[in-house]
Amino acid sequence: FGSADSYAVRAERGQYGERPARKDIAVLGVVTGVDFYLPPLDDHVDNGGFEKASWGDWQQGGSALPAISSNAHSGDRAALLDPGSGDSRLSQSFTLPVGLYQPTLSMMVRLADDAGGESTLTVKVVGATTMTYDLDVTAEKWAHAWYDAAAFAGETVTIELAVAGDPAVIVDEVSLGSAMPGVSVIFVPLVERDHGSW
């Protein structure tokens, strides 16, 4: 690279959808722990990266409505749940078709900056039955969470993300679609330098 700097890095792979670049990745030597979770080509979540100027198909609710955060895992925007120390939720409904390969709900989560402590993100998928998971969010570093949604194939479902009475949580890269098999570890050239013009 010639010198230490911060870079914007984007990953691509066939049979997956596109994801905006991850920004401000510091390169001071060997870089590890920079993970990419590409969305499925058949992703059924609208605006799962929260990059649109509006919320898209997301519905907001709670006493402390969700807000947009610039602290994103990729791209420029993410969703901030419980920004006012109340309760906060986002939900979205769609039909999940039959024939998806291992349909999986996936997202990136972290505590908001200076939130401290830990929080609980309640993840629900509601169809003919309801799947509920309480995800403990304990760090200001991004973590990947995923849930099997095969039981909802062929149904109209509502996904809901909620935080109540806990420190604020940031959510990004929400998707629900086929989980393609195989994981690759690759080394790619970092070709896009961040000069603060984002």
# chains A, B, ... in the order shown; residues from 1 in each chain; ligands from 1
>>> closest_atom_pairs(of="stretch 127-179 of chain A", to="stretch 74-88 of chain A", cutoff="6 Å", atoms="only C-alpha atoms", output="JSON lines")
{"residue": "A:Ala162", "atom": "CA", "partner": "A:Ser88", "partner_atom": "CA", "distance": 5.6}
{"residue": "A:Val163", "atom": "CA", "partner": "A:Ser88", "partner_atom": "CA", "distance": 5.4}
{"residue": "A:Ala164", "atom": "CA", "partner": "A:Asp87", "partner_atom": "CA", "distance": 4.0}
{"residue": "A:Gly165", "atom": "CA", "partner": "A:Gly86", "partner_atom": "CA", "distance": 5.3}
{"residue": "A:Ala168", "atom": "CA", "partner": "A:Asp82", "partner_atom": "CA", "distance": 4.8}
{"residue": "A:Val169", "atom": "CA", "partner": "A:Leu81", "partner_atom": "CA", "distance": 5.3}
{"residue": "A:Ile170", "atom": "CA", "partner": "A:Leu80", "partner_atom": "CA", "distance": 4.5}
{"residue": "A:Val171", "atom": "CA", "partner": "A:Ala79", "partner_atom": "CA", "distance": 5.2}
{"residue": "A:Asp172", "atom": "CA", "partner": "A:Ala78", "partner_atom": "CA", "distance": 5.0}
>>> select_by_dssp(residues="stretch 44-174 of chain A", states="strand (DSSP E)", output="PyMOL selection string")
chain A and resi 59-61+67-69+78-81+87-95+103-111+119-126+130-137+143-148+156-164+169-174
>>> residues_around(residues="A:Asp46", least_positions_apart="6", cutoff="8 Å", atoms="only C-alpha atoms", output="list in words")
Gly56, Asp57 and Trp58 of chain A
>>> closest_residue(among="A:Ala149, A:Ala64, A:Val157, A:Leu90", to="A:Leu105", atoms="only C-alpha atoms")
A:Ala149
>>> closest_residue(among="A:Glu51, A:Glu18, A:Asp166, A:Glu155", to="A:Glu118", atoms="only C-alpha atoms")
A:Asp166
>>> atom_distance(atom1="atom CA of A:Ser91", atom2="atom CA of A:Gly61")
8.2 Å
>>> residues_around(residues="A:Thr156", least_positions_apart="4", cutoff="8 Å", atoms="only C-alpha atoms", output="ChimeraX atom specification")
/A:93-96,127,152
>>> write_last_selection(atoms="all heavy atoms", output="PDB file, in the first residue's frame")
ATOM      1  N   SER A  93     -43.372  -6.414   6.596  1.00  0.00           N
ATOM      2  CA  SER A  93     -44.113  -7.612   6.190  1.00  0.00           C
ATOM      3  C   SER A  93     -43.902  -7.890   4.710  1.00  0.00           C
ATOM      4  O   SER A  93     -43.798  -6.978   3.893  1.00  0.00           O
ATOM      5  CB  SER A  93     -45.612  -7.426   6.460  1.00  0.00           C
ATOM      6  OG  SER A  93     -45.854  -7.221   7.834  1.00  0.00           O
ATOM      7  N   PHE A  94     -43.862  -9.184   4.362  1.00  0.00           N
ATOM      8  CA  PHE A  94     -43.727  -9.616   2.976  1.00  0.00           C
ATOM      9  C   PHE A  94     -44.057 -11.100   2.906  1.00  0.00           C
ATOM     10  O   PHE A  94     -44.152 -11.786   3.934  1.00  0.00           O
ATOM     11  CB  PHE A  94     -42.319  -9.351   2.433  1.00  0.00           C
ATOM     12  CG  PHE A  94     -41.218  -9.820   3.336  1.00  0.00           C
ATOM     13  CD1 PHE A  94     -40.788 -11.142   3.324  1.00  0.00           C
ATOM     14  CD2 PHE A  94     -40.614  -8.932   4.224  1.00  0.00           C
ATOM     15  CE1 PHE A  94     -39.791 -11.574   4.164  1.00  0.00           C
ATOM     16  CE2 PHE A  94     -39.604  -9.357   5.069  1.00  0.00           C
ATOM     17  CZ  PHE A  94     -39.189 -10.685   5.045  1.00  0.00           C
ATOM     18  N   THR A  95     -44.213 -11.606   1.687  1.00  0.00           N
ATOM     19  CA  THR A  95     -44.463 -13.037   1.489  1.00  0.00           C
ATOM     20  C   THR A  95     -43.150 -13.739   1.193  1.00  0.00           C
ATOM     21  O   THR A  95     -42.376 -13.308   0.336  1.00  0.00           O
ATOM     22  CB  THR A  95     -45.451 -13.272   0.333  1.00  0.00           C
ATOM     23  OG1 THR A  95     -46.698 -12.648   0.667  1.00  0.00           O
ATOM     24  CG2 THR A  95     -45.689 -14.754   0.101  1.00  0.00           C
ATOM     25  N   LEU A  96     -42.894 -14.802   1.930  1.00  0.00           N
ATOM     26  CA  LEU A  96     -41.685 -15.594   1.757  1.00  0.00           C
ATOM     27  C   LEU A  96     -42.043 -16.787   0.877  1.00  0.00           C
ATOM     28  O   LEU A  96     -42.790 -17.668   1.312  1.00  0.00           O
ATOM     29  CB  LEU A  96     -41.174 -16.053   3.117  1.00  0.00           C
ATOM     30  CG  LEU A  96     -39.745 -16.554   3.207  1.00  0.00           C
ATOM     31  CD1 LEU A  96     -38.764 -15.447   2.838  1.00  0.00           C
ATOM     32  CD2 LEU A  96     -39.451 -17.075   4.599  1.00  0.00           C
ATOM     33  N   GLY A 127     -45.647 -15.456  11.450  1.00  0.00           N
ATOM     34  CA  GLY A 127     -46.430 -15.981  10.340  1.00  0.00           C
ATOM     35  C   GLY A 127     -47.597 -16.752  10.930  1.00  0.00           C
ATOM     36  O   GLY A 127     -48.299 -16.254  11.811  1.00  0.00           O
ATOM     37  N   PHE A 152     -41.246 -20.759   7.715  1.00  0.00           N
ATOM     38  CA  PHE A 152     -42.183 -19.744   7.230  1.00  0.00           C
ATOM     39  C   PHE A 152     -42.314 -19.729   5.705  1.00  0.00           C
ATOM     40  O   PHE A 152     -42.960 -18.836   5.156  1.00  0.00           O
ATOM     41  CB  PHE A 152     -41.758 -18.366   7.726  1.00  0.00           C
ATOM     42  CG  PHE A 152     -41.759 -18.258   9.224  1.00  0.00           C
ATOM     43  CD1 PHE A 152     -40.599 -18.487   9.949  1.00  0.00           C
ATOM     44  CD2 PHE A 152     -42.922 -17.970   9.918  1.00  0.00           C
ATOM     45  CE1 PHE A 152     -40.593 -18.411  11.330  1.00  0.00           C
ATOM     46  CE2 PHE A 152     -42.930 -17.891  11.296  1.00  0.00           C
ATOM     47  CZ  PHE A 152     -41.768 -18.123  12.010  1.00  0.00           C
TER      48      PHE A 152
END
>>> atom_distance(atom1="atom CA of A:Val174", atom2="atom CA of A:Ser106")
5.6 Å
>>> atom_distance(atom1="atom CA of A:Pro66", atom2="atom CA of A:Lys124")
16.7 Å
>>> decode(residues="stretch 77-91 of chain A", atoms="N, CA, C and O atoms", output="CSV table (one decimal), in the first residue's frame")
chain,number,residue,atom,x,y,z
A,77,ARG,N,-25.5,4.4,6.3
A,77,ARG,CA,-26.6,4.5,7.3
A,77,ARG,C,-26.9,3.1,7.9
A,77,ARG,O,-26.7,2.1,7.4
A,78,ALA,N,-27.5,3.2,9.1
A,78,ALA,CA,-28.0,2.0,9.9
A,78,ALA,C,-29.1,2.5,10.7
A,78,ALA,O,-29.4,3.7,10.8
A,79,ALA,N,-29.8,1.6,11.4
A,79,ALA,CA,-31.0,1.9,12.2
A,79,ALA,C,-30.6,1.9,13.7
A,79,ALA,O,-29.9,1.0,14.1
A,80,LEU,N,-30.9,3.0,14.4
A,80,LEU,CA,-30.7,3.1,15.8
A,80,LEU,C,-32.0,2.9,16.5
A,80,LEU,O,-33.0,3.6,16.4
A,81,LEU,N,-32.0,1.8,17.3
A,81,LEU,CA,-33.2,1.4,18.1
A,81,LEU,C,-33.1,1.9,19.5
A,81,LEU,O,-32.0,1.7,20.1
A,82,ASP,N,-34.1,2.5,20.1
A,82,ASP,CA,-34.2,3.0,21.5
A,82,ASP,C,-33.3,4.2,21.6
A,82,ASP,O,-32.5,4.2,22.6
A,83,PRO,N,-33.3,5.2,20.8
A,83,PRO,CA,-32.5,6.4,20.9
A,83,PRO,C,-32.9,7.2,22.1
A,83,PRO,O,-32.1,8.1,22.5
A,84,GLY,N,-34.1,7.0,22.7
A,84,GLY,CA,-34.5,7.9,23.7
A,84,GLY,C,-34.8,7.2,25.0
A,84,GLY,O,-35.6,7.6,25.9
A,85,SER,N,-34.1,6.0,25.2
A,85,SER,CA,-34.3,5.2,26.4
A,85,SER,C,-35.7,4.9,26.8
A,85,SER,O,-36.2,5.0,27.9
A,86,GLY,N,-36.5,4.5,25.8
A,86,GLY,CA,-37.8,4.1,26.0
A,86,GLY,C,-38.0,2.7,25.4
A,86,GLY,O,-37.3,1.8,25.8
A,87,ASP,N,-38.9,2.5,24.5
A,87,ASP,CA,-39.0,1.3,23.7
A,87,ASP,C,-39.1,1.6,22.2
A,87,ASP,O,-39.6,2.7,21.9
A,88,SER,N,-38.5,0.8,21.4
A,88,SER,CA,-38.3,1.2,20.0
A,88,SER,C,-38.4,-0.1,19.2
A,88,SER,O,-37.9,-1.1,19.5
A,89,ARG,N,-39.1,0.0,18.0
A,89,ARG,CA,-39.2,-1.2,17.2
A,89,ARG,C,-39.4,-0.8,15.7
A,89,ARG,O,-39.9,0.2,15.3
A,90,LEU,N,-38.9,-1.7,14.9
A,90,LEU,CA,-39.1,-1.7,13.4
A,90,LEU,C,-39.7,-3.0,13.0
A,90,LEU,O,-39.4,-4.1,13.5
A,91,SER,N,-40.6,-2.9,12.0
A,91,SER,CA,-41.2,-4.1,11.5
A,91,SER,C,-41.5,-4.0,10.0
A,91,SER,O,-41.5,-2.9,9.4
